[in-house]
Amino acid sequence: MARFAIGERDFLLDGEPHRVLAGALHYFRVHPDQWADRIEKARRMGLNAIETYVAWNAHEPVRGSFATDGALDLDRFLRLIGEAGMHAIVRPGPYICAEWDSGGLPAWLFRRPGIRLRSAEPGWLAEIDAYLDHVLPIVAPLQIDRGGPVILLQVENEYGAYGDDTAYLEHLVRRYRGGGITVPLTTVDQPTDDMLERGRVDGALLTGSFGSRVPERLATLRQHQPTGPLMCSEFWDGWFDHWGEHHHTTSAEDAAASLDELLAAGASVSIYMFHGGTDFGFTNGANHKGAYKSHVTSYDYDAPLDETGWATPKFRAFRDVIRRYAPVPEEDVPTAPAAPALTAAFDRTVALSAVADRLGEELGPFDAPPAFDDVEHPRGFGIYAAPLDGRSGVLVVGAVRDRAQVLVDGVPVGVLERDRHDHALRIPAGRRLELLVEDRGRVNYGDRLGEPKGLLGPVTLDGLPVTGWTVRPLRLDRLTAADLGDAAGTDAGAAFSIASFDLDAPADLHLDTTHWGKGVAWVNGFHLGRYWARGPQHTLFVPGTQLVAGTNELVVLELHGFRDPAVRFVPRPLLGQVEE
Ligand code: GLA
């Protein structure tokens with residue numbers, strides 16, 4: 001069996017100096033039938049390792065039910081890496097950031113009494129120990145010294161940017177070792193003195209996350225750790241997008257030049273991302289730096305392999321750099337061919353109000369609106385309702401997390417947007433008040449980790465409390481037309497529209513949402529994610545592995561109304577305007 005260790009200046013593979021050339025590829029952002037393809041393409045760029053986080057909340061959305069099948073089959077993903085002749089780096093968190101909902105923490109955690117996230121508080125430690133009881137038995141047998149691909153395991157994630165509870169990090173180190181992890185451990189932090197010191201822990205190699213100013217960053221790392229290999233564990237080669245902003249890209253030349261500097265300095269690297277993939281369903285996270293900004297559905301990241309899995313100019317620029325330092329396979333990776341262009345028409349529309357009772361049970365009554373978390377609704381949409389008894393006036397809510405369409409007697413009267421800091425709306429007189437509330441994704445970085453979602457009270461109308469609330473959490477993780485029954489017809493609110501389209505053969509597609517408002521879409525039951533006219537993103541990636549030769553079904557939940565109700569699949573992704 002091979003051995004992987006930390007030497008004086010290098011990683012050592014069976015005693016010989018070894019440079020890690022890794023690329024990030026998150027299994028939970030790529031359709032499982034496309035994992036092998038992406039791994040093979042990483043090999044062809046000259047990489048010798050794949051790095052992945054583990055997304056706890058994807059595996060365990062409900063406490064005590066840890067799923068490891070299909071898209072969550074981490075064991076299979078790691079084995080595929082091994083079969084490609086590559087090494088694997090695992091970053092099981094428990095916190096992972098990653099622009100992923102809550103940085104990977106399941107929503108049910110936040111309701112545990114007295115819990116203090118990412119600390120040595122006993123309640124938190126008990127929960128993460130139970131989580132690691134699921135993860136470590138998958139990873140441990142696949143370590144390199146037991147014949148598997150895993151060479152490194154990361155402790156927490158950029159902990160120095162969050163806390164200074166060293167006892168917590170020490171607990172994690174003990175827990176990993178106790179769970180059979182024998183490969184070297186690492187920590188990662190942005191290379192500032194402060195963060196590196198707060199994030200480090202005895203028994204783990206200190207590594208950095210950065211994408212530029214390479215000599216300076218490596219020098220800082222070296223100051224904090226006089227021996228051991230230098231490693232950039234997140235070489236940022238692109239960036240992510242928020243709704244309502246431009247699409248981020250970085251120059252392939254500049255990124256390649258920085259990669260060259262890293263490799264020339266003898267450092268090891270993990271490229272973040274090699275292939276970003278997609279935040280399918282309701283899995284995207286958000287940032288909050290004075291204002292709430294959620295991440296778009298695409299996690300293309302302007303990475304070497306684009307969201308669809310094809311080589312970009314950055315792929316070739318990186319491969320050219322890597323070739324100067326390491327052998328690179330002969331086989332090429334093509335650039336994206338045009339995807340099939342086709343059109344279809346919606347042939348049935350049904351109001352959300354007509355089918356809501358099929359999608360979730362109405363809970364209540366409650367004096368004040370419960371948060372989604374109070375009714376164990378992990379993510380997505382819920383409908384809040386309360387009697388108005390003929391009253392009108394200014395409706396004031398404590399907080400809307402993160403967007404509410406307000407209806408009076410079924411008629412939309414306005415929208416409250418968290419990112420506009422909306423709290424108040426004048427409403428007309430009516431009998432029934434309804435708010436269709438969307439959790440647009442939980443904050444994944446900083447102090448707001450774990451904040452509640454849904455409608456937060458108190459809610460008042462002209463200063464008087466609104467009481468008698470019900471809430472209906474909607475189950476939308478998978479959805480087909482059959483789930484909606486035979487109903488048809490619209491009222492003024494949100495509605496589902498259904499179309500079918502024929503394919504000669506399955507192929508990756510780009511669903512054009514340019515002329516739609518805001519909503520979510522499913523193909524053959526699979527949740528493609530959110531779309532929004534705000535952009536920057538104006539197409540949704542449809543993995544061909546989710547399609548069939550013959551007739552396929554599209555279901556769209558449009559919250560407001562289509563500017564143009566045509567269904568179009570276009571040849572190229574439209575990720576939006578880049579900054580000039
Ligand atoms: C940090 C985190 C990553 C990711 C990147 C930005 O480095 O560790 O999970 O959030 O920032 O893409």
# chains A, B, ... in the order shown; residues from 1 in each chain; ligands from 1
call {"tool": "residues_around", "arguments": {"residues": "Phe11 of chain A", "least_positions_apart": "2", "cutoff": "10 Å", "atoms": "only C-alpha atoms", "output": "list of chain:residue names"}}
result
A:Phe4, A:Ala5, A:Ile6, A:Gly7, A:Glu8, A:Arg9, A:Leu13, A:Asp14, A:Gly15, A:Glu16, A:Pro17, A:His18, A:Arg19, A:Val20, A:Pro184, A:Gly228, A:Pro229, A:Leu230, A:Met231, A:Ala267, A:Ser268
call {"tool": "residues_near_ligand", "arguments": {"ligand": "ligand 1", "cutoff": "6 Å", "atoms": "only C-alpha atoms and all ligand atoms", "output": "PyMOL selection string"}}
result
chain A and resi 96-99+157-158+209+239
call {"tool": "write_last_selection", "arguments": {"atoms": "C-alpha atoms", "output": "PDB file, in the first residue's frame"}}
result
ATOM      1  CA  ILE A  96     -17.872  24.159   3.949  1.00  0.00           C
ATOM      2  CA  CYS A  97     -18.862  27.713   2.812  1.00  0.00           C
ATOM      3  CA  ALA A  98     -18.720  27.023  -0.962  1.00  0.00           C
ATOM      4  CA  GLU A  99     -21.615  29.357  -1.880  1.00  0.00           C
ATOM      5  CA  ASN A 157     -12.940  25.543   6.414  1.00  0.00           C
ATOM      6  CA  GLU A 158     -11.357  28.974   6.702  1.00  0.00           C
ATOM      7  CA  SER A 209      -6.772  30.198  -0.179  1.00  0.00           C
ATOM      8  CA  TRP A 239     -15.682  33.737  -9.063  1.00  0.00           C
TER       9      TRP A 239
END
call {"tool": "closest_residue", "arguments": {"among": "A:Asp374, A:Ala482, A:His248, A:Lys453", "to": "Val355 of chain A", "atoms": "only C-alpha atoms"}}
result
A:Ala482
call {"tool": "residues_around", "arguments": {"residues": "Met273 of chain A", "least_positions_apart": "5", "cutoff": "7 Å", "atoms": "only C-alpha atoms", "output": "JSON, numbers by chain"}}
result
{"A": [23, 24, 25, 236, 237, 301, 303]}
call {"tool": "write_last_selection", "arguments": {"atoms": "all heavy atoms", "output": "CSV table (one decimal), in the first residue's frame"}}
result
chain,number,residue,atom,x,y,z
A,23,GLY,N,-7.8,19.7,-8.5
A,23,GLY,CA,-8.9,20.6,-9.0
A,23,GLY,C,-10.2,20.3,-8.2
A,23,GLY,O,-10.5,19.1,-7.9
A,24,ALA,N,-10.9,21.3,-7.8
A,24,ALA,CA,-12.2,21.1,-7.1
A,24,ALA,C,-13.3,20.7,-8.1
A,24,ALA,O,-13.4,21.3,-9.1
A,24,ALA,CB,-12.5,22.4,-6.3
A,25,LEU,N,-14.0,19.7,-7.6
A,25,LEU,CA,-15.2,19.2,-8.3
A,25,LEU,C,-16.1,18.7,-7.3
A,25,LEU,O,-15.8,17.7,-6.6
A,25,LEU,CB,-14.7,18.1,-9.3
A,25,LEU,CG,-15.7,17.2,-10.0
A,25,LEU,CD1,-16.6,18.0,-10.9
A,25,LEU,CD2,-15.0,16.1,-10.8
A,236,TRP,N,-8.1,30.4,-6.5
A,236,TRP,CA,-9.4,30.9,-7.1
A,236,TRP,C,-9.1,31.3,-8.5
A,236,TRP,O,-8.4,32.3,-8.7
A,236,TRP,CB,-9.9,32.1,-6.3
A,236,TRP,CG,-10.2,31.8,-4.8
A,236,TRP,CD1,-10.7,30.6,-4.3
A,236,TRP,CD2,-10.0,32.6,-3.7
A,236,TRP,NE1,-10.9,30.7,-3.0
A,236,TRP,CE2,-10.4,31.9,-2.5
A,236,TRP,CE3,-9.5,33.9,-3.5
A,236,TRP,CZ2,-10.4,32.5,-1.3
A,236,TRP,CZ3,-9.4,34.5,-2.2
A,236,TRP,CH2,-9.9,33.7,-1.1
A,237,ASP,N,-9.7,30.6,-9.4
A,237,ASP,CA,-9.5,30.9,-10.8
A,237,ASP,C,-10.7,31.6,-11.5
A,237,ASP,O,-10.7,31.7,-12.7
A,237,ASP,CB,-9.1,29.6,-11.6
A,237,ASP,CG,-10.2,28.6,-11.5
A,237,ASP,OD1,-11.3,28.8,-10.8
A,237,ASP,OD2,-10.1,27.5,-12.1
A,301,TYR,N,-18.5,29.5,-12.4
A,301,TYR,CA,-17.3,30.0,-11.8
A,301,TYR,C,-16.2,30.5,-12.7
A,301,TYR,O,-15.1,30.8,-12.4
A,301,TYR,CB,-16.7,28.9,-10.9
A,301,TYR,CG,-16.1,29.4,-9.6
A,301,TYR,CD1,-16.9,29.7,-8.5
A,301,TYR,CD2,-14.7,29.6,-9.5
A,301,TYR,CE1,-16.3,30.2,-7.3
A,301,TYR,CE2,-14.1,30.2,-8.4
A,301,TYR,CZ,-14.9,30.4,-7.3
A,301,TYR,OH,-14.4,30.9,-6.1
A,303,ALA,N,-14.7,28.6,-14.6
A,303,ALA,CA,-13.6,27.6,-14.3
A,303,ALA,C,-13.1,27.0,-15.7
A,303,ALA,O,-13.7,27.2,-16.7
A,303,ALA,CB,-14.3,26.5,-13.5
call {"tool": "closest_residue", "arguments": {"among": "A:Val394, A:Ala507, A:Ala488, A:Val415", "to": "Pro465 of chain A", "atoms": "only C-alpha atoms"}}
result
A:Val394
call {"tool": "atom_distance", "arguments": {"atom1": "atom CA of Gly93 of chain A", "atom2": "atom CA of Val155 of chain A"}}
result
6.5 Å
call {"tool": "residues_around", "arguments": {"residues": "Arg198 of chain A", "least_positions_apart": "3", "cutoff": "6 Å", "atoms": "only C-alpha atoms", "output": "CSV table (one decimal) with all heavy atoms, in the first residue's frame"}}
result
chain,number,residue,atom,x,y,z
A,160,GLY,N,-10.4,30.6,10.5
A,160,GLY,CA,-9.8,31.8,11.0
A,160,GLY,C,-10.6,33.0,10.6
A,160,GLY,O,-10.4,34.1,11.1
A,164,ASP,N,-12.2,31.7,16.9
A,164,ASP,CA,-10.9,31.4,17.5
A,164,ASP,C,-10.9,30.4,18.6
A,164,ASP,O,-10.1,30.4,19.5
A,164,ASP,CB,-10.3,32.8,18.1
A,164,ASP,CG,-11.2,33.4,19.1
A,164,ASP,OD1,-12.2,32.7,19.5
A,164,ASP,OD2,-11.0,34.5,19.6
A,195,MET,N,-5.9,35.6,10.3
A,195,MET,CA,-6.7,34.4,10.0
A,195,MET,C,-5.9,33.1,10.1
A,195,MET,O,-6.4,32.1,10.5
A,195,MET,CB,-7.3,34.5,8.6
A,195,MET,CG,-8.3,35.7,8.5
A,195,MET,SD,-9.4,35.5,7.1
A,195,MET,CE,-9.8,37.2,6.7
call {"tool": "select_by_dssp", "arguments": {"residues": "segment 317-370 of chain A", "states": "helix (DSSP H, G or I)", "output": "MDAnalysis selection string"}}
result
chainID A and resid 317:323 352:359
call {"tool": "write_last_selection", "arguments": {"atoms": "all heavy atoms", "output": "tab-separated table (two decimals), in the first residue's frame"}}
result
chain	number	residue	atom	x	y	z
A	317	ALA	N	-5.06	27.12	-21.27
A	317	ALA	CA	-3.98	27.94	-20.68
A	317	ALA	C	-3.40	27.23	-19.46
A	317	ALA	O	-2.17	27.20	-19.28
A	317	ALA	CB	-4.54	29.31	-20.29
A	318	PHE	N	-4.24	26.64	-18.63
A	318	PHE	CA	-3.75	25.91	-17.45
A	318	PHE	C	-2.96	24.67	-17.86
A	318	PHE	O	-1.93	24.35	-17.28
A	318	PHE	CB	-4.92	25.50	-16.54
A	318	PHE	CG	-5.46	26.62	-15.68
A	318	PHE	CD1	-5.11	27.94	-15.88
A	318	PHE	CD2	-6.34	26.34	-14.63
A	318	PHE	CE1	-5.61	28.97	-15.09
A	318	PHE	CE2	-6.85	27.35	-13.83
A	318	PHE	CZ	-6.48	28.65	-14.06
A	319	ARG	N	-3.48	23.96	-18.86
A	319	ARG	CA	-2.80	22.75	-19.30
A	319	ARG	C	-1.40	23.10	-19.81
A	319	ARG	O	-0.43	22.38	-19.54
A	319	ARG	CB	-3.62	22.05	-20.39
A	319	ARG	CG	-3.13	20.67	-20.73
A	319	ARG	CD	-3.98	20.03	-21.79
A	319	ARG	NE	-4.14	20.91	-22.95
A	319	ARG	CZ	-4.88	20.64	-24.01
A	319	ARG	NH1	-5.55	19.50	-24.06
A	319	ARG	NH2	-4.97	21.48	-25.02
A	320	ASP	N	-1.31	24.21	-20.52
A	320	ASP	CA	0.02	24.63	-21.02
A	320	ASP	C	0.98	24.92	-19.87
A	320	ASP	O	2.17	24.62	-19.96
A	320	ASP	CB	-0.13	25.87	-21.92
A	320	ASP	CG	-0.79	25.53	-23.25
A	320	ASP	OD1	-0.88	24.31	-23.57
A	320	ASP	OD2	-1.25	26.46	-23.94
A	321	VAL	N	0.46	25.52	-18.82
A	321	VAL	CA	1.32	25.79	-17.66
A	321	VAL	C	1.74	24.49	-16.99
A	321	VAL	O	2.92	24.25	-16.72
A	321	VAL	CB	0.59	26.70	-16.64
A	321	VAL	CG1	1.38	26.78	-15.34
A	321	VAL	CG2	0.36	28.09	-17.22
A	322	ILE	N	0.75	23.62	-16.74
A	322	ILE	CA	1.02	22.37	-16.03
A	322	ILE	C	2.06	21.53	-16.79
A	322	ILE	O	2.95	20.93	-16.20
A	322	ILE	CB	-0.29	21.58	-15.79
A	322	ILE	CG1	-1.18	22.37	-14.83
A	322	ILE	CG2	0.00	20.18	-15.26
A	322	ILE	CD1	-2.59	21.84	-14.70
A	323	ARG	N	1.94	21.57	-18.13
A	323	ARG	CA	2.86	20.77	-18.97
A	323	ARG	C	4.32	21.12	-18.72
A	323	ARG	O	5.21	20.29	-18.92
A	323	ARG	CB	2.49	21.02	-20.44
A	323	ARG	CG	3.08	20.03	-21.39
A	323	ARG	CD	2.64	20.30	-22.82
A	323	ARG	NE	1.40	19.64	-23.17
A	323	ARG	CZ	0.35	20.24	-23.73
A	323	ARG	NH1	0.39	21.52	-24.01
A	323	ARG	NH2	-0.73	19.55	-24.04
A	352	LEU	N	-51.09	27.99	-8.70
A	352	LEU	CA	-50.53	27.40	-7.49
A	352	LEU	C	-51.63	27.23	-6.44
A	352	LEU	O	-51.71	26.22	-5.76
A	352	LEU	CB	-49.39	28.30	-6.96
A	352	LEU	CG	-48.87	27.98	-5.56
A	352	LEU	CD1	-48.30	26.57	-5.48
A	352	LEU	CD2	-47.81	29.00	-5.13
A	353	SER	N	-52.52	28.22	-6.36
A	353	SER	CA	-53.57	28.16	-5.33
A	353	SER	C	-54.49	26.95	-5.53
A	353	SER	O	-55.04	26.43	-4.57
A	353	SER	CB	-54.39	29.45	-5.34
A	353	SER	OG	-54.97	29.61	-6.62
A	354	ALA	N	-54.61	26.49	-6.78
A	354	ALA	CA	-55.52	25.37	-7.06
A	354	ALA	C	-54.90	24.02	-6.67
A	354	ALA	O	-55.63	23.05	-6.49
A	354	ALA	CB	-55.88	25.36	-8.54
A	355	VAL	N	-53.58	23.97	-6.54
A	355	VAL	CA	-52.93	22.68	-6.26
A	355	VAL	C	-52.08	22.71	-4.98
A	355	VAL	O	-51.44	21.72	-4.65
A	355	VAL	CB	-52.04	22.23	-7.45
A	355	VAL	CG1	-52.89	21.83	-8.64
A	355	VAL	CG2	-51.04	23.31	-7.84
A	356	ALA	N	-52.11	23.85	-4.28
A	356	ALA	CA	-51.23	23.98	-3.10
A	356	ALA	C	-51.47	22.84	-2.11
A	356	ALA	O	-50.51	22.32	-1.51
A	356	ALA	CB	-51.46	25.33	-2.43
A	357	ASP	N	-52.73	22.42	-1.96
A	357	ASP	CA	-53.00	21.38	-0.96
A	357	ASP	C	-52.38	20.04	-1.35
A	357	ASP	O	-52.22	19.16	-0.51
A	357	ASP	CB	-54.51	21.26	-0.69
A	357	ASP	CG	-55.29	20.95	-1.95
A	357	ASP	OD1	-54.71	21.05	-3.05
A	357	ASP	OD2	-56.48	20.60	-1.83
A	358	ARG	N	-52.02	19.86	-2.60
A	358	ARG	CA	-51.33	18.62	-3.01
A	358	ARG	C	-49.84	18.69	-2.69
A	358	ARG	O	-49.15	17.68	-2.76
A	358	ARG	CB	-51.47	18.40	-4.53
A	358	ARG	CG	-52.90	18.37	-5.04
A	358	ARG	CD	-52.89	18.26	-6.55
A	358	ARG	NE	-52.43	16.95	-6.96
A	358	ARG	CZ	-53.22	15.96	-7.38
A	358	ARG	NH1	-54.51	16.15	-7.46
A	358	ARG	NH2	-52.72	14.81	-7.75
A	359	LEU	N	-49.34	19.89	-2.42
A	359	LEU	CA	-47.89	20.08	-2.31
A	359	LEU	C	-47.42	20.24	-0.86
A	359	LEU	O	-46.21	20.36	-0.62
A	359	LEU	CB	-47.47	21.31	-3.12
A	359	LEU	CG	-47.81	21.24	-4.61
A	359	LEU	CD1	-47.50	22.57	-5.29
A	359	LEU	CD2	-47.04	20.11	-5.29
call {"tool": "decode", "arguments": {"residues": "segment 281-398 of chain A", "atoms": "C-alpha atoms", "output": "PDB file, in the first residue's frame"}}
result
ATOM      1  CA  GLY A 281     -32.897  22.731  -6.732  1.00  0.00           C
ATOM      2  CA  PHE A 282     -32.830  25.114  -3.774  1.00  0.00           C
ATOM      3  CA  THR A 283     -29.190  24.522  -2.870  1.00  0.00           C
ATOM      4  CA  ASN A 284     -27.552  27.906  -3.487  1.00  0.00           C
ATOM      5  CA  GLY A 285     -26.239  29.948  -0.573  1.00  0.00           C
ATOM      6  CA  ALA A 286     -26.021  33.702  -0.079  1.00  0.00           C
ATOM      7  CA  ASN A 287     -23.786  36.449   1.253  1.00  0.00           C
ATOM      8  CA  HIS A 288     -24.766  39.215   3.611  1.00  0.00           C
ATOM      9  CA  LYS A 289     -22.390  42.114   3.908  1.00  0.00           C
ATOM     10  CA  GLY A 290     -24.853  44.842   4.854  1.00  0.00           C
ATOM     11  CA  ALA A 291     -27.278  43.579   2.252  1.00  0.00           C
ATOM     12  CA  TYR A 292     -28.561  40.128   1.414  1.00  0.00           C
ATOM     13  CA  LYS A 293     -27.344  38.769  -1.928  1.00  0.00           C
ATOM     14  CA  SER A 294     -28.088  35.235  -2.986  1.00  0.00           C
ATOM     15  CA  HIS A 295     -26.075  33.183  -5.463  1.00  0.00           C
ATOM     16  CA  VAL A 296     -27.389  32.366  -8.914  1.00  0.00           C
ATOM     17  CA  THR A 297     -28.154  28.798  -9.998  1.00  0.00           C
ATOM     18  CA  SER A 298     -25.109  28.376 -12.202  1.00  0.00           C
ATOM     19  CA  TYR A 299     -21.831  27.686 -10.421  1.00  0.00           C
ATOM     20  CA  ASP A 300     -19.909  27.941 -13.678  1.00  0.00           C
ATOM     21  CA  TYR A 301     -17.291  29.959 -11.782  1.00  0.00           C
ATOM     22  CA  ASP A 302     -15.539  30.794 -15.055  1.00  0.00           C
ATOM     23  CA  ALA A 303     -13.639  27.582 -14.349  1.00  0.00           C
ATOM     24  CA  PRO A 304     -11.451  25.702 -16.869  1.00  0.00           C
ATOM     25  CA  LEU A 305     -14.303  23.272 -17.523  1.00  0.00           C
ATOM     26  CA  ASP A 306     -17.518  25.219 -18.034  1.00  0.00           C
ATOM     27  CA  GLU A 307     -20.858  24.430 -16.391  1.00  0.00           C
ATOM     28  CA  THR A 308     -21.744  22.127 -19.294  1.00  0.00           C
ATOM     29  CA  GLY A 309     -18.485  20.220 -18.885  1.00  0.00           C
ATOM     30  CA  TRP A 310     -16.483  21.488 -21.869  1.00  0.00           C
ATOM     31  CA  ALA A 311     -12.996  22.954 -22.080  1.00  0.00           C
ATOM     32  CA  THR A 312     -12.651  26.740 -22.084  1.00  0.00           C
ATOM     33  CA  PRO A 313      -9.609  28.846 -23.051  1.00  0.00           C
ATOM     34  CA  LYS A 314      -8.669  28.688 -19.358  1.00  0.00           C
ATOM     35  CA  PHE A 315      -8.476  24.874 -19.588  1.00  0.00           C
ATOM     36  CA  ARG A 316      -5.908  25.143 -22.384  1.00  0.00           C
ATOM     37  CA  ALA A 317      -3.983  27.944 -20.680  1.00  0.00           C
ATOM     38  CA  PHE A 318      -3.747  25.915 -17.446  1.00  0.00           C
ATOM     39  CA  ARG A 319      -2.798  22.746 -19.297  1.00  0.00           C
ATOM     40  CA  ASP A 320       0.015  24.626 -21.022  1.00  0.00           C
ATOM     41  CA  VAL A 321       1.323  25.794 -17.664  1.00  0.00           C
ATOM     42  CA  ILE A 322       1.025  22.371 -16.028  1.00  0.00           C
ATOM     43  CA  ARG A 323       2.856  20.772 -18.973  1.00  0.00           C
ATOM     44  CA  ARG A 324       5.975  22.715 -17.973  1.00  0.00           C
ATOM     45  CA  TYR A 325       6.032  20.979 -14.603  1.00  0.00           C
ATOM     46  CA  ALA A 326       4.361  17.612 -15.014  1.00  0.00           C
ATOM     47  CA  PRO A 327       3.363  15.103 -17.667  1.00  0.00           C
ATOM     48  CA  VAL A 328       0.048  15.874 -19.340  1.00  0.00           C
ATOM     49  CA  PRO A 329      -1.966  13.211 -21.249  1.00  0.00           C
ATOM     50  CA  GLU A 330      -2.164  13.473 -25.026  1.00  0.00           C
ATOM     51  CA  GLU A 331      -5.962  13.268 -25.235  1.00  0.00           C
ATOM     52  CA  ASP A 332      -7.727  16.583 -25.788  1.00  0.00           C
ATOM     53  CA  VAL A 333     -11.015  17.892 -24.418  1.00  0.00           C
ATOM     54  CA  PRO A 334     -13.209  19.622 -26.992  1.00  0.00           C
ATOM     55  CA  THR A 335     -14.776  23.023 -26.469  1.00  0.00           C
ATOM     56  CA  ALA A 336     -18.552  23.170 -26.176  1.00  0.00           C
ATOM     57  CA  PRO A 337     -20.427  22.158 -29.292  1.00  0.00           C
ATOM     58  CA  ALA A 338     -23.704  23.998 -29.874  1.00  0.00           C
ATOM     59  CA  ALA A 339     -26.506  22.413 -27.876  1.00  0.00           C
ATOM     60  CA  PRO A 340     -29.696  21.483 -29.756  1.00  0.00           C
ATOM     61  CA  ALA A 341     -31.962  24.491 -30.304  1.00  0.00           C
ATOM     62  CA  LEU A 342     -35.653  23.743 -30.093  1.00  0.00           C
ATOM     63  CA  THR A 343     -38.903  25.362 -29.122  1.00  0.00           C
ATOM     64  CA  ALA A 344     -42.050  24.126 -27.449  1.00  0.00           C
ATOM     65  CA  ALA A 345     -45.262  25.595 -26.115  1.00  0.00           C
ATOM     66  CA  PHE A 346     -46.901  25.330 -22.727  1.00  0.00           C
ATOM     67  CA  ASP A 347     -50.060  23.312 -23.096  1.00  0.00           C
ATOM     68  CA  ARG A 348     -51.452  23.548 -19.576  1.00  0.00           C
ATOM     69  CA  THR A 349     -51.297  26.121 -16.809  1.00  0.00           C
ATOM     70  CA  VAL A 350     -52.576  25.629 -13.312  1.00  0.00           C
ATOM     71  CA  ALA A 351     -52.702  28.162 -10.508  1.00  0.00           C
ATOM     72  CA  LEU A 352     -50.527  27.399  -7.487  1.00  0.00           C
ATOM     73  CA  SER A 353     -53.571  28.159  -5.333  1.00  0.00           C
ATOM     74  CA  ALA A 354     -55.517  25.366  -7.060  1.00  0.00           C
ATOM     75  CA  VAL A 355     -52.927  22.679  -6.258  1.00  0.00           C
ATOM     76  CA  ALA A 356     -51.233  23.976  -3.099  1.00  0.00           C
ATOM     77  CA  ASP A 357     -53.002  21.381  -0.964  1.00  0.00           C
ATOM     78  CA  ARG A 358     -51.331  18.621  -3.014  1.00  0.00           C
ATOM     79  CA  LEU A 359     -47.891  20.084  -2.306  1.00  0.00           C
ATOM     80  CA  GLY A 360     -47.910  20.420   1.449  1.00  0.00           C
ATOM     81  CA  GLU A 361     -50.054  20.314   4.536  1.00  0.00           C
ATOM     82  CA  GLU A 362     -51.389  23.526   6.032  1.00  0.00           C
ATOM     83  CA  LEU A 363     -50.177  23.907   9.625  1.00  0.00           C
ATOM     84  CA  GLY A 364     -51.646  26.078  12.353  1.00  0.00           C
ATOM     85  CA  PRO A 365     -53.295  28.173  13.537  1.00  0.00           C
ATOM     86  CA  PHE A 366     -50.490  30.150  15.188  1.00  0.00           C
ATOM     87  CA  ASP A 367     -50.744  33.531  16.901  1.00  0.00           C
ATOM     88  CA  ALA A 368     -47.667  34.766  15.064  1.00  0.00           C
ATOM     89  CA  PRO A 369     -46.177  33.409  11.835  1.00  0.00           C
ATOM     90  CA  PRO A 370     -43.742  30.573  12.605  1.00  0.00           C
ATOM     91  CA  ALA A 371     -40.375  30.598  10.825  1.00  0.00           C
ATOM     92  CA  PHE A 372     -39.823  27.827   8.277  1.00  0.00           C
ATOM     93  CA  ASP A 373     -37.406  26.415  10.832  1.00  0.00           C
ATOM     94  CA  ASP A 374     -40.162  26.196  13.477  1.00  0.00           C
ATOM     95  CA  VAL A 375     -42.168  23.887  11.214  1.00  0.00           C
ATOM     96  CA  GLU A 376     -39.069  21.970  10.034  1.00  0.00           C
ATOM     97  CA  HIS A 377     -39.295  23.230   6.485  1.00  0.00           C
ATOM     98  CA  PRO A 378     -35.685  23.101   5.284  1.00  0.00           C
ATOM     99  CA  ARG A 379     -35.809  25.292   2.164  1.00  0.00           C
ATOM    100  CA  GLY A 380     -37.808  26.706  -0.720  1.00  0.00           C
ATOM    101  CA  PHE A 381     -41.314  28.148  -0.595  1.00  0.00           C
ATOM    102  CA  GLY A 382     -44.142  28.328   1.921  1.00  0.00           C
ATOM    103  CA  ILE A 383     -47.545  30.002   1.895  1.00  0.00           C
ATOM    104  CA  TYR A 384     -48.503  32.034   4.964  1.00  0.00           C
ATOM    105  CA  ALA A 385     -52.140  33.089   5.470  1.00  0.00           C
ATOM    106  CA  ALA A 386     -54.151  35.038   8.049  1.00  0.00           C
ATOM    107  CA  PRO A 387     -57.684  36.484   8.198  1.00  0.00           C
ATOM    108  CA  LEU A 388     -57.980  40.214   7.510  1.00  0.00           C
ATOM    109  CA  ASP A 389     -61.643  40.662   8.472  1.00  0.00           C
ATOM    110  CA  GLY A 390     -62.170  43.499   6.053  1.00  0.00           C
ATOM    111  CA  ARG A 391     -59.254  45.578   7.344  1.00  0.00           C
ATOM    112  CA  SER A 392     -56.856  47.561   5.158  1.00  0.00           C
ATOM    113  CA  GLY A 393     -53.787  49.636   6.037  1.00  0.00           C
ATOM    114  CA  VAL A 394     -50.019  49.403   6.204  1.00  0.00           C
ATOM    115  CA  LEU A 395     -48.773  45.870   6.665  1.00  0.00           C
ATOM    116  CA  VAL A 396     -45.474  45.754   8.575  1.00  0.00           C
ATOM    117  CA  VAL A 397     -43.462  42.547   8.950  1.00  0.00           C
ATOM    118  CA  GLY A 398     -40.562  41.861  11.310  1.00  0.00           C
TER     119      GLY A 398
END
